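Data first, discussion second: the structure below is written as structure tokens.
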Amino acid sequence: MKTEFTGRHTVIAAKLKQQAEAGLACITKLVDASASAHVILTEEKHRKIAEITLTASHEDIVATCEATDMEAALHATLHKLEQQVVKHKERFDTVTRQPRHSVVNELESRATAQ
């Protein structure tokens, strides 16, 4: 998975990059390998904000969390993102395609003719 990091008013430490890449590696198993992620870490006065945008083949998923510690914010964001990916994957997998009405009518007419 291609991952891009952006730090706003902060320098991204190697530990945070490793944490983000490890969490995204688990999420990569749920989505296709061509997905890409953009991790944005923002620091304002006493709050730290982590935002992850996951771009998959059929949708964009965004998760944002805020905490007093950047590691906690990133961990919570990865957890939210994983929940959303699972939810979207289940929804996408359970959608069943319905046959066209003309095909259904033709099959019904053949069944009644016999």
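By order in the structure tokens, chains are A, B, ...; within a chain, residues start at 1; ligands start at 1, following the order shown.
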Tell me, as an NGL selection string, which residues lie within 8 Å of Thr42 in chain A, counting only C-alpha atoms; anything in the same chain fewer than 5 positions away does not count. :A and (7-10 or 48-50)
His88 in chain A: which residues within 10 Å, counting only C-alpha atoms, same-chain residues fewer than 6 positions away excluded, as a ChimeraX atom specification? /A:31,59,61,82,94
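The smallest atom-to-atom distance between Glu90 in chain A and any of A:Leu54, A:Leu30, A:Ala14, A:Lys2, using only C-alpha atoms, is found for A:Leu30.
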Near Thr28 in chain A, within 10 Å and counting only C-alpha atoms, which residues show up once chain neighbours fewer than 5 positions away are dropped, as a PyMOL selection string? chain A and resi 1+22-23+33-37+54+56+82+85
Next, the residues of the selection above should be written as a PDB file, in the first residue's frame with N, CA and C atoms.
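So the final result, stored in again28.pdb, reads:
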```
ATOM      1  N   MET A   1       0.849  -1.168   0.000  1.00  0.00           N
ATOM      2  CA  MET A   1       0.000   0.000   0.000  1.00  0.00           C
ATOM      3  C   MET A   1       0.897   1.234   0.000  1.00  0.00           C
ATOM      4  N   ALA A  22       2.184  -0.164  10.414  1.00  0.00           N
ATOM      5  CA  ALA A  22       1.772  -1.462  10.952  1.00  0.00           C
ATOM      6  C   ALA A  22       0.252  -1.589  10.963  1.00  0.00           C
ATOM      7  N   GLY A  23      -0.434  -0.537  11.366  1.00  0.00           N
ATOM      8  CA  GLY A  23      -1.895  -0.555  11.371  1.00  0.00           C
ATOM      9  C   GLY A  23      -2.468  -0.635   9.973  1.00  0.00           C
ATOM     10  N   ALA A  33      -4.833  -4.452  -2.921  1.00  0.00           N
ATOM     11  CA  ALA A  33      -3.445  -4.017  -2.755  1.00  0.00           C
ATOM     12  C   ALA A  33      -3.167  -2.685  -3.436  1.00  0.00           C
ATOM     13  N   SER A  34      -4.011  -2.260  -4.349  1.00  0.00           N
ATOM     14  CA  SER A  34      -3.785  -1.006  -5.061  1.00  0.00           C
ATOM     15  C   SER A  34      -4.273   0.215  -4.279  1.00  0.00           C
ATOM     16  N   ALA A  35      -4.740   0.013  -3.064  1.00  0.00           N
ATOM     17  CA  ALA A  35      -5.231   1.118  -2.246  1.00  0.00           C
ATOM     18  C   ALA A  35      -4.064   2.002  -1.811  1.00  0.00           C
ATOM     19  N   SER A  36      -4.382   3.255  -1.523  1.00  0.00           N
ATOM     20  CA  SER A  36      -3.379   4.192  -1.019  1.00  0.00           C
ATOM     21  C   SER A  36      -3.941   4.922   0.189  1.00  0.00           C
ATOM     22  N   ALA A  37      -3.039   5.365   1.048  1.00  0.00           N
ATOM     23  CA  ALA A  37      -3.457   6.032   2.272  1.00  0.00           C
ATOM     24  C   ALA A  37      -2.711   7.350   2.424  1.00  0.00           C
ATOM     25  N   LEU A  54      -8.204   6.749   3.256  1.00  0.00           N
ATOM     26  CA  LEU A  54      -7.892   5.519   2.526  1.00  0.00           C
ATOM     27  C   LEU A  54      -8.632   5.560   1.202  1.00  0.00           C
ATOM     28  N   ALA A  56      -9.513   3.427  -1.882  1.00  0.00           N
ATOM     29  CA  ALA A  56      -9.573   2.086  -2.456  1.00  0.00           C
ATOM     30  C   ALA A  56     -10.173   2.191  -3.854  1.00  0.00           C
ATOM     31  N   GLU A  82     -10.362   0.796  10.535  1.00  0.00           N
ATOM     32  CA  GLU A  82     -10.550  -0.644  10.375  1.00  0.00           C
ATOM     33  C   GLU A  82     -12.023  -1.021  10.490  1.00  0.00           C
ATOM     34  N   VAL A  85     -13.750   0.014   7.273  1.00  0.00           N
ATOM     35  CA  VAL A  85     -13.401  -0.856   6.150  1.00  0.00           C
ATOM     36  C   VAL A  85     -14.165  -2.171   6.251  1.00  0.00           C
TER      37      VAL A  85
END
```
Please extract the residues of range 2-112 of chain A with a backbone DSSP assignment of strand (DSSP E) and present them as a ChimeraX atom specification. /A:2-8,36-44,47-55,60-67
Next, the residues of the selection above should be written as a short mmCIF file (atom, residue, chain, number, x, y, z; two decimals), in the first residue's frame with C-alpha atoms.
```
data_model
loop_
_atom_site.label_atom_id
_atom_site.label_comp_id
_atom_site.auth_asym_id
_atom_site.auth_seq_id
_atom_site.Cartn_x
_atom_site.Cartn_y
_atom_site.Cartn_z
CA LYS A 2 1.28 3.42 -0.92
CA THR A 3 1.32 5.66 2.15
CA GLU A 4 1.84 9.41 2.24
CA PHE A 5 2.51 11.33 5.46
CA THR A 6 1.80 14.99 6.17
CA GLY A 7 2.69 16.78 9.41
CA ARG A 8 0.98 20.06 10.18
CA SER A 36 -3.38 4.19 -1.02
CA ALA A 37 -3.46 6.03 2.27
CA HIS A 38 -2.80 9.61 3.31
CA VAL A 39 -1.94 10.12 6.98
CA ILE A 40 -2.25 13.68 8.29
CA LEU A 41 -0.97 14.46 11.79
CA THR A 42 -1.87 17.89 13.16
CA GLU A 43 -0.79 19.49 16.40
CA GLU A 44 -2.67 22.44 17.90
CA ARG A 47 -4.68 18.65 21.21
CA LYS A 48 -3.30 16.25 18.66
CA ILE A 49 -5.37 15.26 15.63
CA ALA A 50 -4.79 12.24 13.41
CA GLU A 51 -6.63 11.83 10.11
CA ILE A 52 -6.30 8.97 7.65
CA THR A 53 -7.82 8.95 4.17
CA LEU A 54 -7.89 5.52 2.53
CA THR A 55 -8.48 5.50 -1.22
CA ASP A 60 -12.72 6.74 -0.14
CA ILE A 61 -12.84 6.17 3.62
CA VAL A 62 -11.85 8.88 6.09
CA ALA A 63 -11.27 8.52 9.83
CA THR A 64 -10.35 11.31 12.25
CA CYS A 65 -9.57 11.25 15.97
CA GLU A 66 -8.41 13.78 18.51
CA ALA A 67 -6.50 13.19 21.77
#
```
Which of range 17-114 of chain A end up as alpha helix (DSSP H) when DSSP is run on this backbone - answer as a VMD selection string? chain A and resid 17 to 28 70 to 94 101 to 113
Å distance separating CA of Ala25 in chain A from CA of Leu81 in chain A, one decimal place: 12.2 Å
Pick out the closest residue to Gln19 in chain A from this set: A:Phe92, A:Ala111, A:Met70, A:Lys87. Count only C-alpha atoms. A:Met70
Ranking A:Val11, A:Gln18, A:His46, A:Glu108 by minimum distance to Asp69 in chain A and counting only C-alpha atoms, which one comes first? A:His46
